[in-house]
>>> print(open('work-v2.txt').read())   # compact mmCIF, C-alpha atoms
# COMPACT_ATOMS: atom_id res chain seq x y z
CA MET O 8 21.83 103.79 -25.76
CA ASN O 9 18.77 101.60 -25.36
CA ARG O 10 17.91 98.74 -23.07
CA CYS O 11 17.16 95.50 -24.84
CA SER O 12 15.95 92.31 -23.19
CA PHE O 13 15.94 88.86 -24.73
CA VAL O 14 16.42 85.25 -23.75
CA LEU O 15 19.92 83.89 -24.37
CA ASN O 16 20.27 80.12 -24.20
CA GLY O 17 17.28 79.91 -21.89
CA ALA O 18 18.27 82.71 -19.50
CA PRO O 19 16.80 86.22 -19.62
CA VAL O 20 19.38 88.95 -20.30
CA THR O 21 19.17 92.72 -20.53
CA VAL O 22 21.82 94.79 -22.27
CA THR O 23 22.30 98.51 -22.69
CA ALA O 24 23.53 99.14 -26.20
CA MET O 25 23.12 101.32 -29.21
CA PRO O 26 20.10 99.93 -31.06
CA MET O 27 21.94 99.26 -34.33
CA ARG O 28 24.79 97.44 -32.59
CA ARG O 29 25.23 94.02 -34.13
CA LEU O 30 23.88 91.09 -32.16
CA LEU O 31 27.23 89.37 -32.80
CA ASP O 32 29.08 92.14 -30.95
CA VAL O 33 26.58 92.19 -28.10
CA LEU O 34 26.97 88.44 -27.68
CA ARG O 35 30.76 88.40 -27.82
CA GLU O 36 31.72 91.68 -26.19
CA ASP O 37 28.86 92.57 -23.86
CA LEU O 38 27.74 89.09 -22.81
CA GLY O 39 31.01 87.16 -23.12
CA ALA O 40 29.47 84.50 -25.36
CA THR O 41 32.42 84.16 -27.71
CA GLY O 42 31.39 80.90 -29.35
CA SER O 43 29.85 82.75 -32.30
CA LYS O 44 32.66 83.87 -34.61
CA GLU O 45 33.10 86.68 -37.07
CA GLY O 46 34.35 85.61 -40.48
CA CYS O 47 33.23 87.94 -43.23
CA GLY O 48 30.93 90.33 -41.39
CA GLU O 49 28.57 90.49 -44.37
CA GLY O 50 26.40 87.38 -44.25
CA GLU O 51 28.45 85.23 -46.60
CA CYS O 52 30.31 82.79 -44.35
CA GLY O 53 27.92 81.73 -41.59
CA ALA O 54 30.56 81.66 -38.82
CA CYS O 55 28.31 83.92 -36.71
CA THR O 56 25.20 81.74 -37.15
CA VAL O 57 22.84 81.76 -34.17
CA ARG O 58 19.18 80.85 -33.85
CA ILE O 59 16.50 83.45 -33.26
CA ASP O 60 13.19 81.91 -32.27
CA GLY O 61 14.52 78.66 -33.69
CA GLU O 62 15.64 79.93 -37.11
CA ALA O 63 19.28 80.05 -38.19
CA VAL O 64 20.40 83.62 -38.94
CA ASN O 65 23.66 85.53 -39.33
CA SER O 66 24.17 87.48 -36.10
CA CYS O 67 26.46 89.94 -37.91
CA LEU O 68 23.40 91.16 -39.86
CA ILE O 69 21.02 91.57 -36.92
CA PRO O 70 20.81 94.89 -35.05
CA VAL O 71 20.23 94.19 -31.38
CA CYS O 72 17.02 96.24 -31.44
CA GLN O 73 15.49 93.46 -33.54
CA VAL O 74 15.91 90.76 -30.90
CA GLU O 75 13.87 92.45 -28.18
CA GLY O 76 11.78 89.69 -26.59
CA ALA O 77 13.26 86.96 -28.81
CA ARG O 78 14.82 83.62 -27.91
CA VAL O 79 18.44 83.53 -29.02
CA GLN O 80 20.46 80.33 -29.02
CA THR O 81 24.21 80.20 -29.63
CA VAL O 82 26.60 77.28 -29.74
CA GLU O 83 27.00 77.65 -25.97
CA GLY O 84 23.34 76.66 -25.59
CA LEU O 85 23.44 73.41 -27.56
CA ALA O 86 24.84 71.03 -24.94
CA GLN O 87 22.35 70.14 -22.21
CA ASP O 88 23.31 69.05 -18.70
CA GLY O 89 26.89 68.48 -19.74
CA ARG O 90 25.88 66.29 -22.66
CA LEU O 91 26.80 67.35 -26.18
CA HIS O 92 24.08 67.95 -28.75
CA PRO O 93 23.96 64.99 -31.17
CA VAL O 94 25.34 67.20 -33.92
CA GLN O 95 28.29 68.22 -31.75
CA GLN O 96 28.94 64.59 -30.82
CA ALA O 97 28.82 63.59 -34.49
CA PHE O 98 31.28 66.34 -35.46
CA LEU O 99 33.62 64.99 -32.78
CA VAL O 100 33.34 61.39 -33.94
CA HIS O 101 33.57 62.12 -37.66
CA GLY O 102 36.30 64.73 -37.55
CA GLY O 103 33.98 67.44 -38.87
CA ALA O 104 36.35 70.20 -37.73
CA GLN O 105 39.91 71.20 -38.40
CA CYS O 106 40.84 74.77 -37.46
CA GLY O 107 37.41 75.13 -35.86
CA ILE O 108 36.45 78.71 -36.57
CA CYS O 109 33.51 77.74 -38.78
CA THR O 110 32.40 74.93 -36.48
CA PRO O 111 30.06 76.81 -34.12
CA GLY O 112 28.16 78.21 -37.10
CA PHE O 113 27.91 74.79 -38.72
CA VAL O 114 26.62 73.01 -35.65
CA VAL O 115 24.05 75.72 -34.92
CA ALA O 116 22.83 75.65 -38.54
CA ALA O 117 22.69 71.84 -38.48
CA ALA O 118 20.78 71.82 -35.18
CA ALA O 119 18.25 74.25 -36.68
CA LEU O 120 17.82 71.95 -39.69
CA LEU O 121 17.27 68.84 -37.57
CA ASP O 122 14.68 70.50 -35.35
CA GLY O 123 12.58 71.45 -38.37
CA ASN O 124 13.33 68.35 -40.47
CA PRO O 125 14.49 65.36 -38.39
CA HIS O 126 15.13 63.21 -41.47
CA PRO O 127 16.68 65.42 -44.15
CA THR O 128 18.17 63.91 -47.27
CA PRO O 129 21.88 64.48 -47.93
CA ALA O 130 20.83 67.08 -50.52
CA GLU O 131 18.75 68.88 -47.90
CA VAL O 132 21.71 68.82 -45.52
CA ARG O 133 23.89 70.41 -48.18
CA GLU O 134 21.28 73.08 -48.90
CA ALA O 135 20.80 73.86 -45.22
CA LEU O 136 24.56 74.24 -44.71
CA ALA O 137 25.27 76.09 -47.97
CA GLY O 138 25.52 79.37 -46.07
CA ASN O 139 28.39 78.10 -43.93
CA LEU O 140 31.87 78.20 -45.41
CA CYS O 141 34.78 76.01 -44.30
CA ARG O 142 38.26 76.52 -45.71
CA CYS O 143 39.80 73.34 -44.23
CA THR O 144 37.72 70.19 -44.46
CA GLY O 145 36.35 70.09 -47.97
CA TYR O 146 32.90 69.67 -46.36
CA GLN O 147 32.58 65.91 -46.75
CA LYS O 148 33.28 65.11 -43.10
CA ILE O 149 30.89 67.85 -42.03
CA ILE O 150 28.12 66.41 -44.20
CA ASP O 151 29.00 62.93 -42.94
CA ALA O 152 28.71 64.15 -39.35
CA VAL O 153 25.29 65.72 -39.85
CA VAL O 154 24.00 62.68 -41.72
CA ALA O 155 25.35 60.47 -38.92
CA ALA O 156 23.59 62.59 -36.30
CA LEU O 157 20.34 61.48 -37.92
CA ALA O 158 21.04 57.79 -37.67
CA PRO O 159 18.44 55.83 -35.72
CA GLU O 160 20.95 55.00 -32.98
CA ALA O 161 21.81 58.67 -32.49
CA PRO O 162 20.46 60.09 -29.24
CA ALA O 163 17.43 62.33 -29.59
CA ALA O 164 18.28 65.92 -30.38
CA GLY O 165 18.13 68.18 -27.36
CA GLY O 166 18.74 71.84 -26.78
CA ALA O 167 15.82 73.18 -28.76
CA VAL O 168 15.28 76.84 -28.02
CA MET S 17 36.00 94.44 -38.03
CA THR S 18 33.54 95.38 -35.30
CA MET S 19 33.13 98.86 -36.62
CA ILE S 20 29.38 99.34 -36.49
CA SER S 21 28.74 101.90 -33.86
CA SER S 22 25.97 103.93 -35.43
CA ALA S 23 24.47 105.98 -32.66
CA ALA S 24 21.50 106.86 -34.83
CA PRO S 25 18.12 106.45 -33.16
CA VAL S 26 15.80 103.71 -34.38
CA LEU S 27 12.11 104.45 -34.86
CA GLN S 28 10.03 101.42 -33.94
CA PRO S 29 6.47 101.43 -35.30
CA ARG S 30 4.07 98.61 -34.40
CA THR S 31 1.32 99.28 -36.93
CA VAL S 32 1.20 100.19 -40.62
CA ALA S 33 -0.38 103.54 -39.72
CA GLU S 34 2.45 104.31 -37.29
CA ALA S 35 5.03 103.26 -39.85
CA VAL S 36 3.55 105.52 -42.54
CA ASP S 37 3.27 108.40 -40.09
CA LEU S 38 6.92 108.02 -39.02
CA ARG S 39 8.01 107.71 -42.65
CA THR S 40 6.21 110.95 -43.48
CA ARG S 41 7.77 112.80 -40.57
CA HIS S 42 11.24 111.29 -41.01
CA PRO S 43 11.94 110.99 -44.73
CA GLU S 44 15.66 111.08 -43.90
CA ALA S 45 15.44 107.80 -41.99
CA VAL S 46 16.71 104.64 -43.65
CA VAL S 47 14.16 101.84 -43.60
CA ILE S 48 15.35 98.50 -42.27
CA ALA S 49 13.37 95.28 -42.58
CA GLY S 50 15.36 92.03 -42.50
CA GLY S 51 18.62 93.97 -42.50
CA THR S 52 20.49 91.63 -44.82
CA ASP S 53 21.45 94.48 -47.15
CA ILE S 54 21.29 97.46 -44.79
CA MET S 55 23.65 95.91 -42.23
CA VAL S 56 26.20 95.21 -44.95
CA TYR S 57 26.06 98.83 -46.15
CA LEU S 58 26.34 100.01 -42.56
CA GLU S 59 29.37 97.87 -41.88
CA SER S 60 31.09 98.89 -45.10
CA GLY S 61 30.72 102.53 -44.12
CA THR S 62 28.62 103.45 -47.16
CA LEU S 63 25.60 104.28 -45.01
CA ASN S 64 25.45 106.66 -42.09
CA PRO S 65 21.93 108.05 -41.81
CA PRO S 66 20.60 110.23 -38.99
CA ALA S 67 17.90 107.68 -38.12
CA PHE S 68 16.53 104.25 -38.95
CA LEU S 69 12.95 103.12 -39.33
CA ASN S 70 12.71 99.48 -38.22
CA LEU S 71 9.71 97.72 -39.75
CA ARG S 72 10.35 94.31 -38.17
CA GLY S 73 7.83 95.03 -35.41
CA VAL S 74 4.94 95.71 -37.82
CA ALA S 75 3.33 92.29 -37.77
CA ALA S 76 0.61 93.28 -40.25
CA LEU S 77 3.23 93.69 -42.99
CA ARG S 78 4.25 90.03 -42.80
CA GLY S 79 2.35 87.12 -44.32
CA VAL S 80 0.59 85.82 -47.41
CA GLU S 81 -3.15 85.91 -47.93
CA ARG S 82 -5.52 85.14 -50.77
CA ASP S 83 -6.51 88.23 -52.68
CA GLY S 84 -9.54 89.10 -54.76
CA ASP S 85 -9.70 87.01 -57.90
CA GLY S 86 -7.64 84.01 -56.88
CA GLY S 87 -4.35 85.86 -56.62
CA VAL S 88 -2.29 86.46 -53.51
CA ARG S 89 -1.25 89.46 -51.48
CA ILE S 90 2.21 89.22 -49.96
CA GLY S 91 3.12 91.58 -47.13
CA ALA S 92 6.36 93.43 -47.82
CA LEU S 93 7.97 92.05 -44.64
CA THR S 94 7.32 88.43 -45.62
CA THR S 95 10.63 86.57 -45.58
CA HIS S 96 11.93 84.33 -48.33
CA THR S 97 11.54 81.37 -45.97
CA ASP S 98 7.91 82.37 -45.30
CA LEU S 99 7.30 82.30 -49.06
CA ILE S 100 9.04 78.94 -49.54
CA ARG S 101 6.82 77.45 -46.81
CA SER S 102 3.56 79.16 -47.77
CA PRO S 103 0.89 76.80 -49.17
CA LEU S 104 -0.53 79.75 -51.13
CA LEU S 105 2.78 80.17 -52.94
CA ALA S 106 2.72 76.58 -54.19
CA ALA S 107 0.88 77.95 -57.23
CA TYR S 108 3.89 80.16 -58.03
CA PRO S 109 6.84 77.75 -58.06
CA ALA S 110 9.06 80.08 -60.08
CA LEU S 111 8.92 82.59 -57.23
CA THR S 112 9.65 80.08 -54.48
CA GLU S 113 12.53 78.68 -56.56
CA ALA S 114 13.92 82.19 -56.78
CA CYS S 115 13.57 82.59 -53.00
CA ARG S 116 15.60 79.42 -52.49
CA THR S 117 18.54 80.97 -54.33
CA VAL S 118 18.64 84.17 -52.29
CA GLY S 119 21.85 83.89 -50.23
CA ALA S 120 21.46 80.77 -48.13
CA VAL S 121 19.12 79.65 -45.35
CA GLN S 122 20.37 82.26 -42.88
CA ILE S 123 19.63 85.05 -45.38
CA GLN S 124 16.31 83.54 -46.50
CA ASN S 125 15.17 83.40 -42.86
CA ARG S 126 15.71 87.11 -42.44
CA GLY S 127 15.60 88.83 -45.82
CA THR S 128 12.21 90.00 -47.08
CA LEU S 129 10.51 90.18 -50.47
CA GLY S 130 9.90 93.90 -49.97
CA GLY S 131 13.55 94.41 -49.12
CA ASN S 132 14.62 92.65 -52.30
CA ILE S 133 12.33 94.98 -54.28
CA VAL S 134 13.38 98.30 -52.74
CA ASN S 135 17.06 97.40 -52.56
CA ALA S 136 16.55 97.71 -56.33
CA SER S 137 19.62 95.75 -57.31
CA PRO S 138 19.67 94.81 -61.00
CA ALA S 139 20.76 91.37 -59.74
CA GLY S 140 17.91 90.86 -57.25
CA ASP S 141 16.97 87.20 -57.56
CA THR S 142 13.20 87.51 -57.17
CA LEU S 143 12.76 90.57 -59.37
CA PRO S 144 12.64 89.04 -62.88
CA VAL S 145 10.06 86.55 -61.61
CA LEU S 146 7.91 89.38 -60.24
CA LEU S 147 8.10 90.99 -63.69
CA ALA S 148 7.19 87.72 -65.40
CA LEU S 149 4.21 87.19 -63.09
CA ASP S 150 2.83 90.72 -63.69
CA ALA S 151 3.21 91.54 -59.98
CA GLU S 152 1.95 94.87 -58.67
CA PHE S 153 3.36 96.79 -55.73
CA LEU S 154 1.27 98.67 -53.16
CA LEU S 155 2.91 101.90 -52.05
CA THR S 156 1.44 103.66 -49.03
CA GLY S 157 2.06 107.28 -48.12
CA PRO S 158 0.30 110.18 -46.44
CA ALA S 159 -2.12 110.54 -49.37
CA GLY S 160 -3.11 106.88 -49.33
CA THR S 161 -2.12 103.79 -51.26
CA ARG S 162 -1.29 103.56 -54.96
CA THR S 163 -0.54 100.55 -57.12
CA VAL S 164 2.44 100.37 -59.45
CA PRO S 165 3.12 97.47 -61.84
CA ALA S 166 6.51 95.87 -61.32
CA ALA S 167 7.32 96.69 -64.94
CA ALA S 168 7.11 100.43 -64.17
CA PHE S 169 8.74 100.41 -60.72
CA TRP S 170 12.50 100.36 -61.38
CA THR S 171 13.31 103.51 -63.30
CA GLY S 172 17.11 103.52 -63.42
CA TYR S 173 20.12 102.09 -61.66
CA ARG S 174 18.98 101.74 -58.02
CA ARG S 175 16.17 104.21 -58.73
CA MET S 176 12.50 103.47 -58.35
CA ASP S 177 9.05 104.99 -58.35
CA LEU S 178 8.87 105.32 -54.57
CA ALA S 179 8.56 108.71 -52.90
CA ARG S 180 10.59 109.61 -49.81
CA ASP S 181 7.44 109.53 -47.69
CA GLU S 182 6.11 106.24 -49.06
CA LEU S 183 6.54 102.65 -47.94
CA LEU S 184 6.21 99.51 -50.00
CA THR S 185 3.56 97.61 -48.05
CA ALA S 186 2.52 94.65 -50.21
CA VAL S 187 3.00 92.75 -53.45
CA LEU S 188 0.02 91.45 -55.43
CA LEU S 189 0.29 88.45 -57.72
CA PRO S 190 -2.57 87.75 -60.13
CA ALA S 191 -4.15 84.31 -60.18
CA PRO S 192 -2.08 81.78 -62.08
CA HIS S 193 -3.61 80.80 -65.41
CA PRO S 194 -3.92 77.05 -66.04
CA ASP S 195 -2.23 77.39 -69.44
CA ASP S 196 0.76 79.29 -68.06
CA ARG S 197 4.25 77.94 -67.61
CA ALA S 198 6.58 80.00 -65.50
CA HIS S 199 10.30 79.56 -65.17
CA PHE S 200 13.21 80.75 -63.07
CA ARG S 201 16.87 80.27 -63.81
CA LYS S 202 19.85 81.83 -62.08
CA VAL S 203 23.41 81.52 -63.28
CA GLY S 204 26.10 82.29 -60.72
CA THR S 205 29.36 80.89 -59.45
CA ARG S 206 27.58 78.40 -57.19
CA GLN S 207 24.03 77.55 -56.17
CA ALA S 208 24.11 79.37 -52.84
CA GLN S 209 25.52 82.71 -51.75
CA SER S 210 26.25 83.95 -55.24
CA ILE S 211 25.17 87.15 -56.89
CA SER S 212 23.81 86.29 -60.31
CA LYS S 213 25.70 86.75 -63.55
CA VAL S 214 22.37 86.29 -65.36
CA VAL S 215 18.95 85.63 -63.85
CA LEU S 216 15.82 84.82 -65.89
CA GLY S 217 12.15 84.97 -64.97
CA ALA S 218 9.73 84.01 -67.74
CA ARG S 219 6.13 83.02 -68.29
CA LEU S 220 4.42 81.70 -71.40
CA ARG S 221 0.72 81.08 -71.96
CA LEU S 222 0.29 78.21 -74.37
CA THR S 223 -3.08 78.00 -76.07
CA GLY S 224 -3.21 74.75 -78.02
CA GLY S 225 0.57 74.61 -78.04
CA VAL S 226 0.89 78.14 -79.42
CA VAL S 227 2.23 81.06 -77.40
CA SER S 228 -0.57 83.55 -76.76
CA GLU S 229 1.13 85.61 -74.05
CA ALA S 230 4.81 85.93 -73.22
CA ARG S 231 6.82 87.51 -70.43
CA VAL S 232 10.59 87.40 -70.55
CA ALA S 233 12.51 89.28 -67.86
CA PHE S 234 16.17 89.28 -66.94
CA GLY S 235 18.33 90.54 -64.12
CA SER S 236 22.05 91.39 -64.22
CA VAL S 237 21.89 92.33 -67.91
CA GLY S 238 21.11 96.03 -67.55
CA PRO S 239 20.81 98.83 -64.99
CA VAL S 240 17.47 97.49 -63.74
CA PRO S 241 15.65 94.16 -63.78
CA LEU S 242 14.03 94.44 -67.18
CA ARG S 243 11.30 93.06 -69.40
CA CYS S 244 12.28 92.13 -72.96
CA PRO S 245 9.47 93.48 -75.17
CA ARG S 246 11.01 92.56 -78.54
CA THR S 247 11.67 89.01 -77.38
CA GLU S 248 8.15 88.70 -76.00
CA GLU S 249 6.71 89.95 -79.29
CA ALA S 250 8.81 87.47 -81.26
CA LEU S 251 7.42 84.62 -79.19
CA ILE S 252 3.75 85.40 -79.79
CA GLY S 253 2.29 82.84 -82.17
CA ALA S 254 5.24 80.47 -81.87
CA ALA S 255 4.37 76.77 -81.82
CA LEU S 256 6.43 75.08 -79.12
CA SER S 257 6.51 71.33 -79.15
CA GLY S 258 9.57 70.57 -77.08
CA ALA S 259 11.50 69.99 -80.30
CA ASP S 260 14.14 72.36 -81.61
CA LEU S 261 12.95 75.81 -82.55
CA SER S 262 12.69 76.58 -86.23
CA ALA S 263 15.79 78.27 -87.57
CA ASP S 264 13.78 81.39 -88.38
CA LEU S 265 12.35 81.67 -84.88
CA ALA S 266 15.69 80.96 -83.24
CA ALA S 267 17.32 83.72 -85.28
CA ALA S 268 14.48 86.16 -84.57
CA LEU S 269 14.69 85.50 -80.85
CA ALA S 270 18.44 85.92 -80.78
CA ALA S 271 18.19 89.25 -82.57
CA ALA S 272 15.32 90.45 -80.38
CA LEU S 273 17.04 89.50 -77.15
CA ALA S 274 20.29 91.12 -78.26
CA ALA S 275 18.37 94.37 -78.70
CA ASP S 276 16.44 94.05 -75.43
CA ILE S 277 19.35 93.62 -73.00
CA ALA S 278 22.33 95.81 -72.25
CA PRO S 279 24.82 93.87 -70.15
CA ILE S 280 28.18 95.24 -69.05
CA ASP S 281 31.55 93.84 -68.05
CA ASP S 282 31.98 93.85 -64.27
CA VAL S 283 33.62 91.87 -61.48
CA ARG S 284 31.15 89.00 -61.81
CA SER S 285 31.12 88.45 -65.54
CA THR S 286 31.51 89.93 -69.00
CA ALA S 287 28.93 91.44 -71.32
CA ALA S 288 29.69 88.81 -73.96
CA TYR S 289 29.23 85.93 -71.52
CA ARG S 290 25.98 87.43 -70.25
CA ARG S 291 24.62 87.80 -73.79
CA ALA S 292 25.45 84.20 -74.64
CA VAL S 293 24.11 82.79 -71.38
CA ALA S 294 20.92 84.89 -71.40
CA LEU S 295 20.03 83.44 -74.79
CA ARG S 296 20.88 79.90 -73.65
CA THR S 297 18.73 80.18 -70.53
CA LEU S 298 15.79 81.36 -72.64
CA GLN S 299 16.32 78.57 -75.18
CA GLY S 300 16.46 76.10 -72.31
CA PHE S 301 13.09 77.27 -71.03
CA LEU S 302 11.51 77.10 -74.48
CA ALA S 303 12.84 73.60 -75.02
CA SER S 304 11.17 72.51 -71.78
CA CYS S 305 7.73 73.79 -72.83
>>> encode(input="work-v2.txt", output="structure tokens")
Amino acid sequence: MNRCSFVLNGAPVTVTAMPMRRLLDVLREDLGATGSKEGCGEGECGACTVRIDGEAVNSCLIPVCQVEGARVQTVEGLAQDGRLHPVQQAFLVHGGAQCGICTPGFVVAAAALLDGNPHPTPAEVREALAGNLCRCTGYQKIIDAVVAALAPEAPAAGGAV
Amino acid sequence: MTMISSAAPVLQPRTVAEAVDLRTRHPEAVVIAGGTDIMVYLESGTLNPPAFLNLRGVAALRGVERDGDGGVRIGALTTHTDLIRSPLLAAYPALTEACRTVGAVQIQNRGTLGGNIVNASPAGDTLPVLLALDAEFLLTGPAGTRTVPAAAFWTGYRRMDLARDELLTAVLLPAPHPDDRAHFRKVGTRQAQSISKVVLGARLRLTGGVVSEARVAFGSVGPVPLRCPRTEEALIGAALSGADLSADLAAALAAALAADIAPIDDVRSTAAYRRAVALRTLQGFLASC
């Protein structure tokens, strides 16, 4: 067992875990942050998407020893001061979720896109979300939600890690 | 599904020298870089080594720099996203296009070029492009560093010219030639997250509209990513004008390619489909020249 310290949603945390333990398991089981979901467990579905130092990654493919000193953001860290992230608000308004298990991964991946590229084209939105699978919505409402989150009247994106 | 509980220790070098030293002393350790393949093997239970060697902390292995005669040197730990964003890679669009088809953004942010090379999958997306660009690999071990051309690196299914005490540290790409046209084409079930059925990397040097140098490389059509020497030979001297190929050249290319590749039937596709599509992807490239 090793000690590993990182910053989770702005707060420093230290865990004692086997170094190859998956970040996803550390988040869900050791730290109680159950927003990140496990779908496939092999990097195909994106349900476990979190941000490490700002970049969207699959937390099922990250051994915890590789996040020492890093900034990790999960879906729990998107809302700020009780206010939803613009992407979350847009998913709510546009019905971008049905069963919901893929939703945390989608909103984290979309938030990562918008921080790096505030005005993506619809094609760029589709490319950025291509690693997130949804078996309910057919994707159109999800794309609509992310595109809507970019609209000029949308509140400025917050929650950057 | 949360079955990963490997208690194996993880060696954590910070410098290339430390990494090589640990590799030499722990040849039984499995090297992990971005983890996008290793973690899948670990979860599936196909991997249970006594130790891991984590290269993520070796900052000197990550990044792109200009090299010697106008080429570039790419650190083995450079991620696909790093390559897509690198201004130095703008001169090698076939490689950055290949990087954009590796998994999806989450995988590209983590997976590394060196990992794609030493995972040694015949379907590795970047590998035919590395062959087409005449890439060279730097392998560092206790006796120093040696250079191996990509074309000589993969020696059999998941086998490569890499000793147990060596690490792949960098990839060298020669300077792009102004008369060269390079091409990447992947055929899979969808644009993202698919493992290729056929993947093409090719480069032609056109001198006055005539092919003076040819590289044609495919993945997923044999046990290794492979060059197609007969096809390359058949292309030398061909006049490409964007119009249809002459019937003689088209027939010669089809015969040469059929002899160069050795696809199989598997879960992703059939040998017959792969043969037909490999030829079509090559014809498509030639028609665009």
>>> closest_residue(input="work-v2.txt", among="O:Leu30, O:Val22, O:Leu68, O:Ala54", to="chain S", atoms="all atoms listed in the file")
O:Leu68
>>> atom_distance(input="work-v2.txt", atom1="atom CA of S:Ala166", atom2="atom CA of S:Val134")
11.3 Å
>>> atom_distance(input="work-v2.txt", atom1="atom CA of S:Thr112", atom2="atom CA of S:Ile100")
5.1 Å
>>> interface_residues(input="work-v2.txt", of="chain S", to="chain O", cutoff="10 Å", atoms="only C-alpha atoms", output="VMD selection string")
chain S and resid 17 to 28 48 to 60 68 70 to 73 97 116 to 117 119 to 127 206 to 210
>>> residues_around(input="work-v2.txt", residues="O:Phe98", least_positions_apart="4", cutoff="7 Å", atoms="all atoms listed in the file", output="VMD selection string")
chain O and resid 94 102 to 104 149 152
>>> atom_distance(input="work-v2.txt", atom1="atom CA of S:Leu189", atom2="atom CA of S:Arg89")
6.5 Å
>>> residues_near_point(input="work-v2.txt", point="(4.9, 107.7, -44.7)", cutoff="10 Å", atoms="only C-alpha atoms", output="list in words")
Val32, Ala33, Glu34, Ala35, Val36, Asp37, Leu38, Arg39, Thr40, Arg41, His42, Pro43, Leu155, Thr156, Gly157, Pro158, Ala159, Gly160, Ala179, Arg180, Asp181, Glu182, Leu183 and Leu184 of chain S
>>> write_last_selection(input="work-v2.txt", atoms="C-alpha atoms", output="short mmCIF file (atom, residue, chain, number, x, y, z; two decimals), in the frame of the given file")
data_model
loop_
_atom_site.label_atom_id
_atom_site.label_comp_id
_atom_site.auth_asym_id
_atom_site.auth_seq_id
_atom_site.Cartn_x
_atom_site.Cartn_y
_atom_site.Cartn_z
CA VAL S 32 1.20 100.19 -40.62
CA ALA S 33 -0.38 103.54 -39.72
CA GLU S 34 2.45 104.31 -37.29
CA ALA S 35 5.03 103.26 -39.85
CA VAL S 36 3.55 105.52 -42.54
CA ASP S 37 3.27 108.40 -40.09
CA LEU S 38 6.92 108.02 -39.02
CA ARG S 39 8.01 107.71 -42.65
CA THR S 40 6.21 110.95 -43.48
CA ARG S 41 7.77 112.80 -40.57
CA HIS S 42 11.24 111.29 -41.01
CA PRO S 43 11.94 110.99 -44.73
CA LEU S 155 2.91 101.90 -52.05
CA THR S 156 1.44 103.66 -49.03
CA GLY S 157 2.06 107.28 -48.12
CA PRO S 158 0.30 110.18 -46.44
CA ALA S 159 -2.12 110.54 -49.37
CA GLY S 160 -3.11 106.88 -49.33
CA ALA S 179 8.56 108.71 -52.90
CA ARG S 180 10.59 109.61 -49.81
CA ASP S 181 7.44 109.53 -47.69
CA GLU S 182 6.11 106.24 -49.06
CA LEU S 183 6.54 102.65 -47.94
CA LEU S 184 6.21 99.51 -50.00
#
>>> closest_residue(input="work-v2.txt", among="S:Leu216, S:Ala67, S:Arg246, S:Asp264", to="S:Gly300", atoms="only C-alpha atoms")
S:Leu216
>>> residues_near_point(input="work-v2.txt", point="(14.6, 81.1, -82.0)", cutoff="12 Å", atoms="all atoms listed in the file", output="PyMOL selection string")
chain S and resi 247-248+250-252+254-256+259-273+295-296+298-303
>>> residues_around(input="work-v2.txt", residues="O:Ala18", least_positions_apart="6", cutoff="10 Å", atoms="all atoms listed in the file", output="PyMOL selection string")
chain O and resi 78-79+84
>>> residues_around(input="work-v2.txt", residues="S:Ala110", least_positions_apart="4", cutoff="7 Å", atoms="only C-alpha atoms", output="compact mmCIF listing (two decimals) with C-alpha atoms, in the coordinates of the input")
# COMPACT_ATOMS: atom_id res chain seq x y z
CA ALA S 114 13.92 82.19 -56.78
CA VAL S 145 10.06 86.55 -61.61
CA ALA S 198 6.58 80.00 -65.50
CA HIS S 199 10.30 79.56 -65.17
CA PHE S 200 13.21 80.75 -63.07
>>> axis_aligned_box(input="work-v2.txt", around="stretch 96-105 of chain S", padding_each_side="3 Å", output="lines of an AutoDock Vina configuration file")
center_x = 5.7
center_y = 80.6
center_z = -49.1
size_x = 18.5
size_y = 13.5
size_z = 13.6
